[in-house]
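Shown next: upload.cif, containing mmCIF, N, CA and C atoms.
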data_query
#
loop_
_atom_site.label_atom_id
_atom_site.label_comp_id
_atom_site.auth_asym_id
_atom_site.auth_seq_id
_atom_site.Cartn_x
_atom_site.Cartn_y
_atom_site.Cartn_z
N MET K 123 51.14 -87.14 76.52
CA MET K 123 50.66 -86.38 75.39
C MET K 123 51.65 -85.25 75.10
N SER K 124 52.02 -85.10 73.84
CA SER K 124 52.97 -84.06 73.49
C SER K 124 52.27 -82.71 73.41
N GLN K 125 53.03 -81.69 73.66
CA GLN K 125 52.47 -80.34 73.65
C GLN K 125 52.44 -79.82 72.22
N ILE K 126 51.34 -79.14 71.89
CA ILE K 126 51.19 -78.58 70.56
C ILE K 126 51.78 -77.18 70.55
N ILE K 127 52.65 -76.94 69.59
CA ILE K 127 53.31 -75.64 69.44
C ILE K 127 52.35 -74.69 68.73
N PRO K 128 52.22 -73.44 69.24
CA PRO K 128 51.37 -72.49 68.53
C PRO K 128 51.95 -72.15 67.15
N VAL K 129 51.11 -71.73 66.26
CA VAL K 129 51.55 -71.36 64.91
C VAL K 129 52.28 -70.02 64.99
N GLN K 130 53.52 -70.03 64.54
CA GLN K 130 54.34 -68.81 64.59
C GLN K 130 54.10 -67.91 63.38
N ASN K 131 53.71 -68.50 62.28
CA ASN K 131 53.53 -67.75 61.05
C ASN K 131 52.04 -67.74 60.69
N PRO K 132 51.35 -66.61 60.93
CA PRO K 132 49.91 -66.55 60.66
C PRO K 132 49.55 -66.79 59.18
N SER K 133 50.50 -66.59 58.28
CA SER K 133 50.19 -66.82 56.88
C SER K 133 49.95 -68.31 56.61
N LEU K 134 50.45 -69.18 57.49
CA LEU K 134 50.19 -70.61 57.33
C LEU K 134 48.72 -70.94 57.58
N VAL K 135 48.06 -70.17 58.45
CA VAL K 135 46.63 -70.36 58.67
C VAL K 135 45.87 -69.99 57.39
N THR K 136 46.23 -68.86 56.80
CA THR K 136 45.62 -68.45 55.53
C THR K 136 45.89 -69.48 54.45
N TYR K 137 47.11 -69.97 54.40
CA TYR K 137 47.51 -71.00 53.44
C TYR K 137 46.61 -72.24 53.58
N THR K 138 46.33 -72.63 54.82
CA THR K 138 45.49 -73.80 55.07
C THR K 138 44.05 -73.51 54.65
N HIS K 139 43.57 -72.28 54.85
CA HIS K 139 42.24 -71.90 54.36
C HIS K 139 42.17 -72.04 52.84
N VAL K 140 43.22 -71.63 52.16
CA VAL K 140 43.26 -71.73 50.69
C VAL K 140 43.17 -73.20 50.26
N ILE K 141 43.85 -74.07 50.98
CA ILE K 141 43.81 -75.49 50.65
C ILE K 141 42.39 -76.03 50.80
N TYR K 142 41.72 -75.69 51.91
CA TYR K 142 40.33 -76.12 52.08
C TYR K 142 39.44 -75.55 50.97
N ALA K 143 39.68 -74.30 50.59
CA ALA K 143 38.89 -73.68 49.52
C ALA K 143 39.08 -74.44 48.21
N LEU K 144 40.31 -74.82 47.91
CA LEU K 144 40.56 -75.57 46.67
C LEU K 144 39.84 -76.92 46.70
N HIS K 145 39.88 -77.59 47.84
CA HIS K 145 39.16 -78.86 47.95
C HIS K 145 37.65 -78.65 47.78
N LEU K 146 37.12 -77.59 48.40
CA LEU K 146 35.69 -77.33 48.28
C LEU K 146 35.31 -76.97 46.84
N ILE K 147 36.18 -76.27 46.14
CA ILE K 147 35.92 -75.97 44.72
C ILE K 147 35.78 -77.27 43.93
N SER K 148 36.66 -78.23 44.20
CA SER K 148 36.55 -79.53 43.52
C SER K 148 35.24 -80.22 43.85
N VAL K 149 34.85 -80.16 45.12
CA VAL K 149 33.57 -80.78 45.52
C VAL K 149 32.42 -80.09 44.80
N LEU K 150 32.42 -78.77 44.76
CA LEU K 150 31.33 -78.04 44.10
C LEU K 150 31.29 -78.31 42.60
N ILE K 151 32.45 -78.46 41.98
CA ILE K 151 32.48 -78.83 40.56
C ILE K 151 31.82 -80.19 40.37
N GLY K 152 32.11 -81.11 41.30
CA GLY K 152 31.50 -82.43 41.23
C GLY K 152 30.00 -82.40 41.43
N VAL K 153 29.53 -81.54 42.32
CA VAL K 153 28.09 -81.44 42.60
C VAL K 153 27.35 -80.79 41.43
N THR K 154 27.94 -79.78 40.83
CA THR K 154 27.23 -79.01 39.81
C THR K 154 27.56 -79.42 38.38
N GLY K 155 28.60 -80.21 38.20
CA GLY K 155 29.02 -80.59 36.86
C GLY K 155 28.55 -81.98 36.47
N ALA K 156 29.14 -82.44 35.39
CA ALA K 156 28.76 -83.75 34.85
C ALA K 156 29.50 -84.89 35.53
N VAL K 157 30.50 -84.57 36.35
CA VAL K 157 31.27 -85.60 37.04
C VAL K 157 30.77 -85.73 38.47
N THR K 158 31.26 -86.76 39.17
CA THR K 158 30.87 -86.95 40.57
C THR K 158 31.78 -86.14 41.48
N ILE K 159 31.37 -86.01 42.74
CA ILE K 159 32.21 -85.33 43.73
C ILE K 159 33.55 -86.02 43.83
N VAL K 160 33.53 -87.34 43.89
CA VAL K 160 34.78 -88.09 44.08
C VAL K 160 35.71 -87.91 42.88
N ALA K 161 35.19 -88.03 41.68
CA ALA K 161 36.04 -87.87 40.49
C ALA K 161 36.62 -86.46 40.44
N SER K 162 35.81 -85.48 40.74
CA SER K 162 36.29 -84.10 40.74
C SER K 162 37.32 -83.89 41.84
N PHE K 163 37.09 -84.52 42.99
CA PHE K 163 38.01 -84.36 44.12
C PHE K 163 39.35 -85.04 43.85
N ILE K 164 39.32 -86.23 43.29
CA ILE K 164 40.55 -86.99 43.07
C ILE K 164 41.31 -86.50 41.84
N PHE K 165 40.59 -86.21 40.77
CA PHE K 165 41.25 -85.89 39.51
C PHE K 165 41.19 -84.41 39.15
N GLY K 166 40.47 -83.62 39.94
CA GLY K 166 40.34 -82.20 39.63
C GLY K 166 41.60 -81.41 39.96
N VAL K 167 41.89 -80.45 39.13
CA VAL K 167 43.09 -79.62 39.31
C VAL K 167 43.10 -78.93 40.68
N PRO K 168 41.98 -78.36 41.16
CA PRO K 168 42.05 -77.70 42.47
C PRO K 168 42.51 -78.63 43.60
N SER K 169 42.00 -79.85 43.63
CA SER K 169 42.40 -80.76 44.70
C SER K 169 43.83 -81.25 44.54
N ILE K 170 44.25 -81.46 43.32
CA ILE K 170 45.64 -81.88 43.10
C ILE K 170 46.59 -80.76 43.50
N VAL K 171 46.25 -79.53 43.17
CA VAL K 171 47.06 -78.37 43.59
C VAL K 171 47.09 -78.30 45.12
N ALA K 172 45.93 -78.51 45.75
CA ALA K 172 45.86 -78.48 47.21
C ALA K 172 46.74 -79.56 47.83
N LEU K 173 46.74 -80.74 47.26
CA LEU K 173 47.57 -81.83 47.76
C LEU K 173 49.05 -81.48 47.65
N VAL K 174 49.44 -80.93 46.53
CA VAL K 174 50.84 -80.50 46.35
C VAL K 174 51.19 -79.42 47.37
N MET K 175 50.27 -78.49 47.60
CA MET K 175 50.50 -77.44 48.60
C MET K 175 50.67 -78.05 49.99
N ASN K 176 49.88 -79.07 50.31
CA ASN K 176 50.01 -79.76 51.60
C ASN K 176 51.42 -80.32 51.78
N TYR K 177 51.86 -81.04 50.78
CA TYR K 177 53.18 -81.68 50.88
C TYR K 177 54.31 -80.64 50.87
N ALA K 178 54.11 -79.54 50.13
CA ALA K 178 55.16 -78.52 50.01
C ALA K 178 55.47 -77.82 51.33
N ARG K 179 54.46 -77.63 52.18
CA ARG K 179 54.67 -76.86 53.40
C ARG K 179 54.40 -77.67 54.67
N ARG K 180 54.37 -78.97 54.51
CA ARG K 180 54.06 -79.85 55.65
C ARG K 180 55.08 -79.70 56.79
N ARG K 181 56.33 -79.55 56.46
CA ARG K 181 57.36 -79.41 57.50
C ARG K 181 57.20 -78.13 58.30
N GLU K 182 56.70 -77.08 57.66
CA GLU K 182 56.55 -75.80 58.34
C GLU K 182 55.48 -75.84 59.43
N VAL K 183 54.53 -76.75 59.31
CA VAL K 183 53.46 -76.82 60.31
C VAL K 183 53.69 -77.94 61.32
N ALA K 184 54.79 -78.66 61.19
CA ALA K 184 55.08 -79.79 62.08
C ALA K 184 55.08 -79.33 63.54
N GLY K 185 54.34 -80.05 64.38
CA GLY K 185 54.27 -79.74 65.80
C GLY K 185 53.22 -78.71 66.18
N THR K 186 52.64 -78.03 65.19
CA THR K 186 51.59 -77.04 65.47
C THR K 186 50.22 -77.69 65.30
N TRP K 187 49.18 -76.97 65.70
CA TRP K 187 47.83 -77.50 65.54
C TRP K 187 47.45 -77.60 64.06
N LEU K 188 48.15 -76.87 63.19
CA LEU K 188 47.88 -76.97 61.76
C LEU K 188 48.34 -78.30 61.17
N GLU K 189 49.28 -78.95 61.83
CA GLU K 189 49.76 -80.24 61.34
C GLU K 189 48.61 -81.24 61.20
N SER K 190 47.69 -81.20 62.16
CA SER K 190 46.55 -82.12 62.09
C SER K 190 45.68 -81.82 60.87
N HIS K 191 45.58 -80.56 60.48
CA HIS K 191 44.79 -80.19 59.31
C HIS K 191 45.46 -80.68 58.03
N PHE K 192 46.75 -80.54 57.96
CA PHE K 192 47.47 -81.02 56.78
C PHE K 192 47.32 -82.53 56.66
N SER K 193 47.48 -83.24 57.78
CA SER K 193 47.32 -84.70 57.76
C SER K 193 45.89 -85.07 57.37
N TRP K 194 44.92 -84.35 57.90
CA TRP K 194 43.50 -84.58 57.61
C TRP K 194 43.23 -84.43 56.11
N GLN K 195 43.76 -83.36 55.53
CA GLN K 195 43.55 -83.09 54.11
C GLN K 195 44.23 -84.15 53.24
N ILE K 196 45.44 -84.49 53.58
CA ILE K 196 46.18 -85.50 52.81
C ILE K 196 45.49 -86.85 52.91
N ARG K 197 45.10 -87.23 54.13
CA ARG K 197 44.42 -88.52 54.31
C ARG K 197 43.09 -88.56 53.57
N THR K 198 42.37 -87.45 53.58
CA THR K 198 41.08 -87.39 52.87
C THR K 198 41.28 -87.70 51.39
N PHE K 199 42.28 -87.09 50.79
CA PHE K 199 42.55 -87.31 49.37
C PHE K 199 42.89 -88.78 49.09
N TRP K 200 43.87 -89.31 49.83
CA TRP K 200 44.34 -90.67 49.54
C TRP K 200 43.30 -91.74 49.89
N TRP K 201 42.53 -91.53 50.97
CA TRP K 201 41.48 -92.50 51.31
C TRP K 201 40.37 -92.46 50.26
N ALA K 202 40.03 -91.27 49.77
CA ALA K 202 39.00 -91.18 48.72
C ALA K 202 39.46 -91.93 47.47
N LEU K 203 40.72 -91.80 47.12
CA LEU K 203 41.25 -92.53 45.97
C LEU K 203 41.21 -94.03 46.21
N LEU K 204 41.67 -94.46 47.37
CA LEU K 204 41.69 -95.88 47.70
C LEU K 204 40.29 -96.48 47.68
N TRP K 205 39.35 -95.82 48.35
CA TRP K 205 37.98 -96.34 48.40
C TRP K 205 37.35 -96.37 47.01
N SER K 206 37.66 -95.37 46.17
CA SER K 206 37.12 -95.35 44.81
C SER K 206 37.64 -96.52 43.99
N VAL K 207 38.94 -96.78 44.09
CA VAL K 207 39.52 -97.92 43.39
C VAL K 207 38.86 -99.21 43.86
N LEU K 208 38.66 -99.31 45.17
CA LEU K 208 38.02 -100.50 45.73
C LEU K 208 36.59 -100.67 45.22
N VAL K 209 35.84 -99.58 45.19
CA VAL K 209 34.45 -99.65 44.70
C VAL K 209 34.43 -100.12 43.25
N PHE K 210 35.31 -99.57 42.41
CA PHE K 210 35.30 -99.98 41.01
C PHE K 210 35.86 -101.38 40.81
N THR K 211 36.80 -101.79 41.64
CA THR K 211 37.34 -103.14 41.55
C THR K 211 36.26 -104.17 41.89
N ILE K 212 35.46 -103.86 42.85
CA ILE K 212 34.37 -104.77 43.23
C ILE K 212 33.20 -104.68 42.25
N SER K 213 32.88 -103.47 41.81
CA SER K 213 31.71 -103.27 40.96
C SER K 213 31.92 -103.74 39.52
N ALA K 214 33.13 -103.65 39.01
CA ALA K 214 33.37 -104.01 37.60
C ALA K 214 32.94 -105.44 37.28
N PRO K 215 33.40 -106.44 38.05
CA PRO K 215 32.93 -107.79 37.72
C PRO K 215 31.43 -107.98 37.98
N LEU K 216 30.91 -107.24 38.95
CA LEU K 216 29.47 -107.35 39.24
C LEU K 216 28.61 -106.75 38.13
N MET K 217 29.22 -105.96 37.25
CA MET K 217 28.47 -105.40 36.13
C MET K 217 28.05 -106.48 35.14
N LEU K 218 28.76 -107.60 35.17
CA LEU K 218 28.37 -108.73 34.31
C LEU K 218 27.00 -109.29 34.69
N VAL K 219 26.65 -109.14 35.96
CA VAL K 219 25.33 -109.58 36.42
C VAL K 219 24.44 -108.39 36.78
N LEU K 220 24.81 -107.24 36.25
CA LEU K 220 24.06 -105.98 36.35
C LEU K 220 24.08 -105.30 37.71
N ILE K 221 24.35 -106.01 38.79
CA ILE K 221 24.32 -105.37 40.11
C ILE K 221 25.42 -104.32 40.25
N GLY K 222 26.50 -104.50 39.51
CA GLY K 222 27.60 -103.53 39.56
C GLY K 222 27.19 -102.15 39.10
N PHE K 223 26.16 -102.09 38.25
CA PHE K 223 25.66 -100.79 37.80
C PHE K 223 24.95 -100.05 38.93
N LEU K 224 24.63 -100.75 40.00
CA LEU K 224 24.05 -100.13 41.19
C LEU K 224 25.12 -99.88 42.26
N THR K 225 26.03 -100.84 42.44
CA THR K 225 27.03 -100.70 43.50
C THR K 225 28.03 -99.59 43.21
N ALA K 226 28.41 -99.42 41.95
CA ALA K 226 29.39 -98.38 41.62
C ALA K 226 28.87 -96.97 41.95
N PRO K 227 27.71 -96.58 41.43
CA PRO K 227 27.23 -95.23 41.76
C PRO K 227 26.92 -95.04 43.24
N LEU K 228 26.41 -96.10 43.87
CA LEU K 228 26.10 -96.00 45.30
C LEU K 228 27.38 -95.80 46.11
N GLY K 229 28.40 -96.60 45.81
CA GLY K 229 29.68 -96.47 46.51
C GLY K 229 30.31 -95.11 46.29
N ILE K 230 30.28 -94.63 45.05
CA ILE K 230 30.87 -93.33 44.74
C ILE K 230 30.08 -92.21 45.42
N ALA K 231 28.77 -92.34 45.50
CA ALA K 231 27.95 -91.33 46.19
C ALA K 231 28.29 -91.28 47.68
N ILE K 232 28.46 -92.45 48.29
CA ILE K 232 28.80 -92.49 49.72
C ILE K 232 30.18 -91.86 49.95
N ILE K 233 31.13 -92.17 49.09
CA ILE K 233 32.46 -91.57 49.23
C ILE K 233 32.37 -90.06 49.03
N GLY K 234 31.55 -89.61 48.09
CA GLY K 234 31.38 -88.17 47.85
C GLY K 234 30.83 -87.45 49.08
N ILE K 235 29.86 -88.05 49.73
CA ILE K 235 29.30 -87.46 50.96
C ILE K 235 30.38 -87.41 52.04
N TRP K 236 31.17 -88.47 52.15
CA TRP K 236 32.26 -88.53 53.13
C TRP K 236 33.28 -87.43 52.86
N VAL K 237 33.64 -87.23 51.59
CA VAL K 237 34.61 -86.18 51.22
C VAL K 237 34.05 -84.81 51.60
N LEU K 238 32.80 -84.55 51.27
CA LEU K 238 32.18 -83.26 51.62
C LEU K 238 32.21 -83.05 53.13
N TYR K 239 31.86 -84.09 53.88
CA TYR K 239 31.90 -84.01 55.34
C TYR K 239 33.31 -83.66 55.83
N ARG K 240 34.31 -84.35 55.31
CA ARG K 240 35.69 -84.13 55.76
C ARG K 240 36.16 -82.70 55.44
N VAL K 241 35.83 -82.20 54.26
CA VAL K 241 36.23 -80.84 53.89
C VAL K 241 35.54 -79.83 54.80
N LEU K 242 34.25 -79.98 55.00
CA LEU K 242 33.52 -79.02 55.84
C LEU K 242 33.93 -79.11 57.31
N ARG K 243 34.04 -80.33 57.83
CA ARG K 243 34.44 -80.48 59.24
C ARG K 243 35.83 -79.89 59.47
N GLY K 244 36.75 -80.17 58.56
CA GLY K 244 38.09 -79.63 58.70
C GLY K 244 38.12 -78.12 58.65
N TRP K 245 37.39 -77.55 57.71
CA TRP K 245 37.40 -76.10 57.56
C TRP K 245 36.75 -75.42 58.77
N ILE K 246 35.70 -76.01 59.29
CA ILE K 246 35.06 -75.45 60.50
C ILE K 246 36.04 -75.50 61.67
N ALA K 247 36.75 -76.60 61.82
CA ALA K 247 37.74 -76.70 62.90
C ALA K 247 38.87 -75.69 62.70
N LEU K 248 39.27 -75.47 61.46
CA LEU K 248 40.32 -74.48 61.19
C LEU K 248 39.84 -73.09 61.59
N ARG K 249 38.61 -72.75 61.24
CA ARG K 249 38.07 -71.43 61.61
C ARG K 249 38.04 -71.24 63.12
N SER K 250 37.86 -72.34 63.85
CA SER K 250 37.84 -72.29 65.32
C SER K 250 39.23 -72.46 65.92
N GLU K 251 40.22 -72.57 65.05
CA GLU K 251 41.62 -72.78 65.46
C GLU K 251 41.77 -74.02 66.34
N GLN K 252 41.06 -75.08 65.94
CA GLN K 252 41.09 -76.35 66.66
C GLN K 252 41.81 -77.41 65.84
N PRO K 253 42.61 -78.25 66.49
CA PRO K 253 43.23 -79.36 65.76
C PRO K 253 42.20 -80.45 65.46
N LEU K 254 42.53 -81.30 64.53
CA LEU K 254 41.67 -82.42 64.17
C LEU K 254 42.29 -83.72 64.69
N PRO K 255 41.46 -84.76 64.81
CA PRO K 255 42.02 -86.04 65.27
C PRO K 255 42.96 -86.65 64.23
#

Would you write the structure of this file as C-alpha cells?
Amino acid sequence: MSQIIPVQNPSLVTYTHVIYALHLISVLIGVTGAVTIVASFIFGVPSIVALVMNYARRREVAGTWLESHFSWQIRTFWWALLWSVLVFTISAPLMLVLIGFLTAPLGIAIIGIWVLYRVLRGWIALRSEQPLP
C-alpha cells in the first residue's frame, strides 16, 4: 500500500469544499426546481464549473488524501451521465409500449438519490479529513 502524502496547501481543502458546495447547489436546484437532480447535476452550471475545477487542480492533490475526493467527484459526474444515457436509451423504445414512461423517471430518480448520497458522503469524509475509496 502506498503512503498518502499530507496536504501541504490548506487552501486545497477549502477548494475541495467549494467543489462539493457547487455540486450540492446543483442537487438542490434539481430538488426544488422544475428539473430533476440528475439533469441539474449533469447539465447545471455549478456542477460543470466544479468538474472543470477538479480537472484544473487535480495534479496539485496527487498523492494526498484529497486525490481520492477529486476522483470521487469526477467519477460521480461521469457515472451519473453514463447511467442517465443508459436509462434513456433503454426507456425511449419502451415508451412505444408505455412502460418507458415509468422506467425513465424511476431510473432518473434512483440516479438522483445516488448522486445526493455521493455528494453528502464525500463532503462528510472531507470534513473528517478522510480519504474516500

Residues of segment 160-238 of chain K that have any atom at most 6 Å from an atom of segment 242-255 of chain K: could you tabulate them with the shortest-distance atom pair and the distance in Å to one decimal, using all atoms listed in the file, ordered by chain and increasing number, as a Markdown table?
| residue | atom | partner | partner_atom | distance |
| --- | --- | --- | --- | --- |
| K:Trp187 | C | K:Pro253 | CA | 4.9 |
| K:Ser190 | CA | K:Leu254 | N | 4.8 |
| K:His191 | N | K:Leu254 | N | 5.1 |
| K:Val237 | C | K:Leu242 | N | 5.9 |
| K:Leu238 | C | K:Leu242 | N | 4.1 |

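In this model, the gap between atom CA of Ile235 of chain K and atom CA of Leu188 of chain K comes to 23.9 Å.
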
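Here the PyMOL selection byres ((chain K and resi 176) around 8) matches the residues Ile141, Ile170, Val171, Ala172, Leu173, Val174, Met175, Tyr177, Ala178, Arg179, Arg180, Arg181, His191, Phe192, Ser193, Gln195 and Ile196 of chain K.
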
Practice task
Return as a PyMOL selection string the full set of residues in chain K whose backbone-based DSSP assignment is alpha helix (DSSP H).
Solution key: chain K and resi 133-154+159-165+167-178+188-216+222-249

Handout entry: Residues near Thr186 of chain K, cut-off 9 Å, only C-alpha atoms, skip fewer than 3 positions along chain, as a PyMOL selection string
Key = chain K and resi 125-130+182-183+189-190+253

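With all atoms listed in the file as the atoms that count, the residue of K:Phe199, K:Thr225, K:Trp236, K:Ser169 with the shortest distance to Ala143 of chain K is K:Ser169.
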
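With atom C of Gly229 of chain K on one side and atom N of Val153 of chain K on the other, the separation reads 14.2 Å.
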